[in-house]
Amino acid sequence: MIVDLAFQLLQMTLVIAVAPLLTGLVRATKARLMRRRGPPLIQPYRDLIRLARKEAVVADTASWLFRFVPYLVFAATWVAAALVPTFATGLLFSWSADLIAIIALLGAARFFLALAGLDVGTSFGGLGSSREALFGALAEPAMIVIVFTLALVAGSTQLSTVAAYMVSSNVGLRVSLGMALVALIIVALAENGRIPVDNPATHLELTMVHEAMILEYSGRHLAVIELAAMLKLVLYVSLIVCVFVPWGLAIADASVADRLLGALLYLVKLALAGVALGVFESSIAKMRVFRVPDFVGAALMLGFLGALLLFVSRTLK
Amino acid sequence: MSAEALFLSGDAALLGLAVAGGFVARRPVAGSLVYGGALAVCGAMLVLALVELLGRANGEALVLPLGLPWIGARFRVDALSAFFLVVVNLGGAAASLYGLGAARHEHSPGRVLPFFPAFLAGMNLVLVADDAYAFLLSWEFMSIASWALVMAHHREGDNARAGYVYLVMASFGTFMLLLAFALLASPAGAYAFDAMRAAAPTPAVASLAFILALIGAGSKAGIVPLHVWLPLAHPAAPSHVSALMSGVMTKVAVYGFVRIVFDLAGPQGWWWSVPVLMVGAGTALLGVLYALMQHDLKRLLAYHTVENIGIIFIGLGLALAFKWFGMPSAAALAMTAALLHTFNHSLFKSLLFFGAGAVLSATGERDMEHLGGLIHNMPRTAFAFLVGCAAISALPPFNGFVSEWLTFQAILLSPELSSWVLKILAPAVGALLALSAALAAACFAKAFGITFLGRPRTDSAKHAHETNRFALTGMFALAALCLAAGVVPGLFIDALSPAVSDAVGGRMPAQAGIAWLSIAPIAESRSSYNGLLVFLFIAISASLAASVIHRIASNALRRAPAWDCGFPDSSPATQYTAESFAQPIRRVFGRLAFVTREHIDMPEPGETRPARFELTLGDRIWDLIYAPLANSVERAAVELNRLQFLTIRQYLSVVFGALITLLVVLASWP
């Protein structure tokens with residue numbers, strides 16, 4: 001019990017601790033590919049600390065909701081991230097919410113962030129919220145059908161159980177899982193506002209979505225929102241890693257040494273994913289807003305096909 | 001005194017209030033009398049219904065010497081009706097509470113006060129009726145009373161047309177139910193429900209009755225394409241009546257469907273679930289798309305009721321399939337999902353309609369494009385409305401999420417069904433359900449964001465004031481229930497399990513014994529959810545983050561004009577509107593449901609006239625079904641009109657011809 005609690009807390013601190021590093025790594029990779037030197041890896045930490053120390057400037061027209069939302073978004077994302085196995089399954093609280101609940105928690109974060117975008121009453125905020133609502137409305141069902149696929153393969157919607165199943169048994173190559181992987185990557189790109197859906201580095205007015213929504217935030221509020229966005233990236237990478245490349249994941253009742261090895265491997269996987277994301281982002285261009293529904297819609301269709309294959313191929317019991 | 005007699009006395013008290021309301025409507029005390037009385041009666045019946053539900057009510061039928069002479073009027077309360085009695089009386093009590101505060105602003109009390117308790121009595125009577133005659137009579141009484149309430153402000157806007165469409169659709173629905181009951185009653189005329197259960201109709205007859213019940217009860221519930229009256233009629237009534245119609249009366253229709261299809265006819269074919277699932281999924285998606293395009297707050301809520309009815313019907317369809325294939329625990333899961341969503345929707349839809357009513361009475365506006373920034377002047381209403389929005393958008397830890405989560409869990413059991421059609425249909429329904437849930441979140445981000453956030457778009461929005469205590473009490477009580485049902489769903493699932501086992505003959509495993517108040521529909525290793533922990537985790541980590549940052553980093557705050565990328569505009573017209581918020585979604589999904597026509601009139605450079613953008617949204621279903629139908633009825637009426645001006649000789653020959661034809665038909669009848 002105590003050990004489990006310790007690992008749960010360790011995992012919660014771990015995701016928060018590595019989140020800025022992963023973002024820094026993606027930025028560094030992109031800078032290198034553009035033959036820039038780029039900021040050091042720890043620059044995101046510095047940015048966050050600097051932002052948190054500044055005074056927060058809040059618009060005259062903002063309501064209490066505006067100041068409340070950053071913490072809520074952060075909390076929902078953090079709770080969701082804490083429920084995704086990073087280096088060990090069988091976390092103490094993993095049964096309190098399954099994969100569908102994790103998606104809904106992220107949906108709650110998006111809902112409140114969209115409200116915050118509308119709160120000040122500026123055109124940019126509304127623009128960001130409206131587009132985010134569209135992307136969310138497409139990405140969320142895609143995510144749910146991916147969950148259908150995973151749940152039918154592993155017989156559970158509990159992420160720990162799914163991950164343990166993927167580690168232990170010989171799942172083999174399955175068409176459905178391949179489709180789910182591609183769909184999940186597309187959803188992860190869209191949900192995290194990465195190129196080609198959105199550009200996290202831009203401040204060019206017509207291309208921004210997430211940035212437009214949080215345009216009025218400053219100081220500690222902005223820091224918390226940025227941290228939540230970094231956490232979300234870690235969450236999606238952990239999710240993909242623990243389901244599709246679970247090797248080294250310590251399953252329940254593993255020894256402490258195994259768990260430490262798992263943690264080490266997890267960090268390596270995270271780093272590889274970060275570099276891959278940087279390379280991917282550098283190699284393609286951003287889409288127009290109304291091309292995005294086709295892109296995310298492809299994920300929805302792939303996920304749906306994968307789930308459908310499983311629904312009809314399931315042998316009768 | 002049996003429970004049936006107690007419920008009937010409650011209904012009699014409500015009818016008495018209705019009569020009294022008619023006599024004293026003009027007196028200032030009339031509002032307090034009627035609504036206070038209705039509150040007391042509904043509260044008492046709520047307690048009684050809870051007792052009956054938890055005590056697994058299975059009473060003897062009470063026969064009154066009314067109605068058809070050879071059967072009388074039979075009334076009986078079982079667990080299923082007790083559950084719906086809870087829903088109706090909870091909604092009724094909340095609406096009465098709101099009415100207490102709203103009565104002062106009502107300009108024509110004589111058109112509301114008599115019908116409000118009558119409407120409540122009608123809904124209660126439908127639920128306790130135990131024979132087809134009493135059921136249909138109460139059903140029609142409920143429809144007429146609510147029609148009178150829709151017509152309360154008949155001179156305003158489009159209300160007269162709304163009332164007309166409602167009346168036509170309600171009669172159509174009752175007619176379908178009449179036929180369904182006629183098929184189920186054996187030729188001997190067994191109108192009592194237990195005689196119908198015993199009669200065991202052939203599969204063909206039962207299936208026909210099922211289709212008729214789906215159409216009849218579905219038209220009252222608002223399934224697509226029979227929903228057209230709902231978004232017209234619900235918003236036209238005074239707000240607390242809208243809450244009752246949307247939050248509660250649609251549930252009475254769900255009860256009618258469950259009673260006829262699960263209890264009286266019983267599934268008699270695997271395919272019964274197919275139309276229910278298809279209609280449910282289509283209703284959910286189209287309902288939310290319609291809602292997204294609305295900028296009238298009350299109409300948006302009414303359209304959104306259509307979506308939630310779709311979700312409930314998805315659960316019912318799954319329950320039908322599982323029941324037919326002999327999987328009682330899976331059927332119980334699907335039925336629990338449907339009934340829990342029924343309960344949840346009655347909570348948050350009433351709450352949201354009260355909020356919309358508070359906005360309406362504070363600003364005189366229902367159009368969201370004329371609102372904005374109300375969170376500053378109406379903070380309490382805004383908070384309660386926000387809770388309702390989060391709950392209806394299925395965000396954890398509120399109650400809407402729990403019932404949708406249960407529906408997803410039920411869908412994940414459907415590969416076990418041994419029917420290819422259902423195996424293919426189920427994931428498609430699941431995907432559509434997920435899509436409509438996500439669109440619902442967008443819809444309520446819009447509803448709350450445009451109405452309560454931003455800057456006020458008109459003077460009336462700028463000078464809004466907080467609503468009265470009664471409305472606030474009602475809203476906060478409902479909001480607290482939304483949170484409670486989301487945080488400890490196990491208690492609610494266990495409470496409604498008698499109703500579930502009444503309907504499908506199985507129940508979910510008891511949730512009360514599971515550690516930490518979790519819910520686990522099948523087994524914990526398969527799926528579990530704990531609203532309490534999720535709620536606590538969010539609350540703790542949010543306050544932890546806030547306090548750490550305030551303590552260690554900075555808590556300085558400065559107010560300044562909005563930045564807006566350096567180009568702030570002082571005009572509130574530069575904000576996003578409801579229409580522009582929904583525009584991306586309209587462009588992606590709009591073609592499914594609407595005929596959209598955009599017209600842009602851009603002046604040449606140098607011209608001083610403003611540019612104009614016009615958007616017309618046509619409803620495909622209205623164009624495809626109702627408009628041709630109305631046209632053909634009108635053409636037929638014009639043709640038949642000639643029959644009015646015949647000579648007596650011609651009339652006699654028409655009568656003679658009809659008589660001969662009928663006799664020939666009768667003689668050749670097998």
# chains A, B, ... in the order shown; residues from 1 in each chain; ligands from 1
>>> residues_around(residues="B:Val24", least_positions_apart="4", cutoff="10 Å", atoms="only C-alpha atoms", output="PyMOL selection string")
chain B and resi 19-20+28-31+33-34+109-110+113-114
>>> write_last_selection(atoms="N, CA and C atoms", output="mmCIF file, in the first residue's frame")
data_model
loop_
_atom_site.group_PDB
_atom_site.id
_atom_site.type_symbol
_atom_site.label_atom_id
_atom_site.label_comp_id
_atom_site.auth_asym_id
_atom_site.auth_seq_id
_atom_site.Cartn_x
_atom_site.Cartn_y
_atom_site.Cartn_z
ATOM 1 N N VAL B 19 -58.450 23.945 -10.211
ATOM 2 C CA VAL B 19 -59.757 24.614 -10.200
ATOM 3 C C VAL B 19 -59.669 25.898 -9.376
ATOM 4 N N ALA B 20 -59.048 25.775 -8.187
ATOM 5 C CA ALA B 20 -58.912 26.956 -7.334
ATOM 6 C C ALA B 20 -58.134 28.043 -8.063
ATOM 7 N N PRO B 28 -53.748 38.622 -5.934
ATOM 8 C CA PRO B 28 -52.289 38.556 -5.801
ATOM 9 C C PRO B 28 -51.801 37.288 -5.096
ATOM 10 N N VAL B 29 -52.645 36.686 -4.228
ATOM 11 C CA VAL B 29 -52.165 35.506 -3.504
ATOM 12 C C VAL B 29 -52.223 34.245 -4.361
ATOM 13 N N ALA B 30 -52.874 34.349 -5.536
ATOM 14 C CA ALA B 30 -53.132 33.135 -6.310
ATOM 15 C C ALA B 30 -51.843 32.378 -6.609
ATOM 16 N N GLY B 31 -50.796 33.118 -7.010
ATOM 17 C CA GLY B 31 -49.528 32.474 -7.360
ATOM 18 C C GLY B 31 -48.978 31.678 -6.199
ATOM 19 N N LEU B 33 -50.552 30.566 -3.645
ATOM 20 C CA LEU B 33 -51.444 29.454 -3.316
ATOM 21 C C LEU B 33 -51.193 28.259 -4.226
ATOM 22 N N VAL B 34 -51.235 28.526 -5.534
ATOM 23 C CA VAL B 34 -51.132 27.417 -6.482
ATOM 24 C C VAL B 34 -49.747 26.786 -6.451
ATOM 25 N N PRO B 109 -51.850 35.671 -15.394
ATOM 26 C CA PRO B 109 -51.851 34.482 -14.507
ATOM 27 C C PRO B 109 -53.010 33.541 -14.787
ATOM 28 N N GLY B 110 -54.121 34.077 -15.255
ATOM 29 C CA GLY B 110 -55.277 33.228 -15.506
ATOM 30 C C GLY B 110 -55.024 32.190 -16.582
ATOM 31 N N LEU B 113 -51.995 29.691 -14.197
ATOM 32 C CA LEU B 113 -52.226 29.065 -12.888
ATOM 33 C C LEU B 113 -53.145 27.840 -12.921
ATOM 34 N N PRO B 114 -54.267 27.844 -13.654
ATOM 35 C CA PRO B 114 -55.106 26.646 -13.608
ATOM 36 C C PRO B 114 -54.445 25.453 -14.273
#
>>> interface_residues(of="chain B", to="chain A", cutoff="7 Å", atoms="only C-alpha atoms", output="number ranges by chain")
B: 376, 395-396, 412, 415-416, 418, 423-424, 427, 431, 434-435, 438-439, 441-442, 445, 449, 453-455, 525-530, 533-534, 537-538, 541-542, 545-546, 553-564, 574-576, 581-582, 584-585
>>> atom_distance(atom1="atom CA of B:Phe210", atom2="atom CA of B:Thr283")
18.4 Å
>>> residues_around(residues="A:Pro246", least_positions_apart="2", cutoff="7 Å", atoms="only C-alpha atoms", output="PyMOL selection string")
chain A and resi 163+166-167+241-244+248-249
>>> write_last_selection(atoms="C-alpha atoms", output="JSON list (two decimals), in the first residue's frame")
[["chain", "number", "residue", "atom", "x", "y", "z"],
["A", 163, "ALA", "CA", -1.19, -1.98, -20.76],
["A", 166, "MET", "CA", -0.21, -5.58, -24.11],
["A", 167, "VAL", "CA", 2.98, -6.39, -22.16],
["A", 241, "VAL", "CA", 3.98, 4.35, -25.48],
["A", 242, "CYS", "CA", 2.21, 2.31, -22.82],
["A", 243, "VAL", "CA", -0.24, 0.79, -25.25],
["A", 244, "PHE", "CA", 1.81, 0.29, -28.39],
["A", 248, "GLY", "CA", 9.95, -2.49, -20.14],
["A", 249, "LEU", "CA", 6.73, -1.36, -18.49]]
>>> select_by_dssp(residues="stretch 250-310 of chain A", states="alpha helix (DSSP H)", output="PyMOL selection string")
chain A and resi 256-283+292-310
>>> atom_distance(atom1="atom CA of B:Pro203", atom2="atom CA of B:Pro275")
16.3 Å
>>> residues_around(residues="B:Thr596", least_positions_apart="6", cutoff="9 Å", atoms="only C-alpha atoms", output="count of residues only")
7
>>> select_by_dssp(residues="stretch 37-182 of chain A", states="strand (DSSP E or B)", output="list in words")
Ala56, Val57, Val58, Ala59 and Ala88 of chain A
>>> write_last_selection(atoms="C-alpha atoms", output="PDB file, in the first residue's frame")
ATOM      1  CA  ALA A  56      -0.740  38.702 -13.676  1.00  0.00           C
ATOM      2  CA  VAL A  57      -2.457  41.277 -15.873  1.00  0.00           C
ATOM      3  CA  VAL A  58      -6.163  40.575 -16.158  1.00  0.00           C
ATOM      4  CA  ALA A  59      -8.483  42.365 -18.566  1.00  0.00           C
ATOM      5  CA  ALA A  88       4.570   0.927 -14.070  1.00  0.00           C
TER       6      ALA A  88
END
>>> atom_distance(atom1="atom CA of B:Gly99", atom2="atom CA of B:Ala471")
7.8 Å
>>> residues_around(residues="B:Leu297", least_positions_apart="6", cutoff="7 Å", atoms="only C-alpha atoms", output="list in words")
Ala356, Arg366, Asp367 and Met368 of chain B
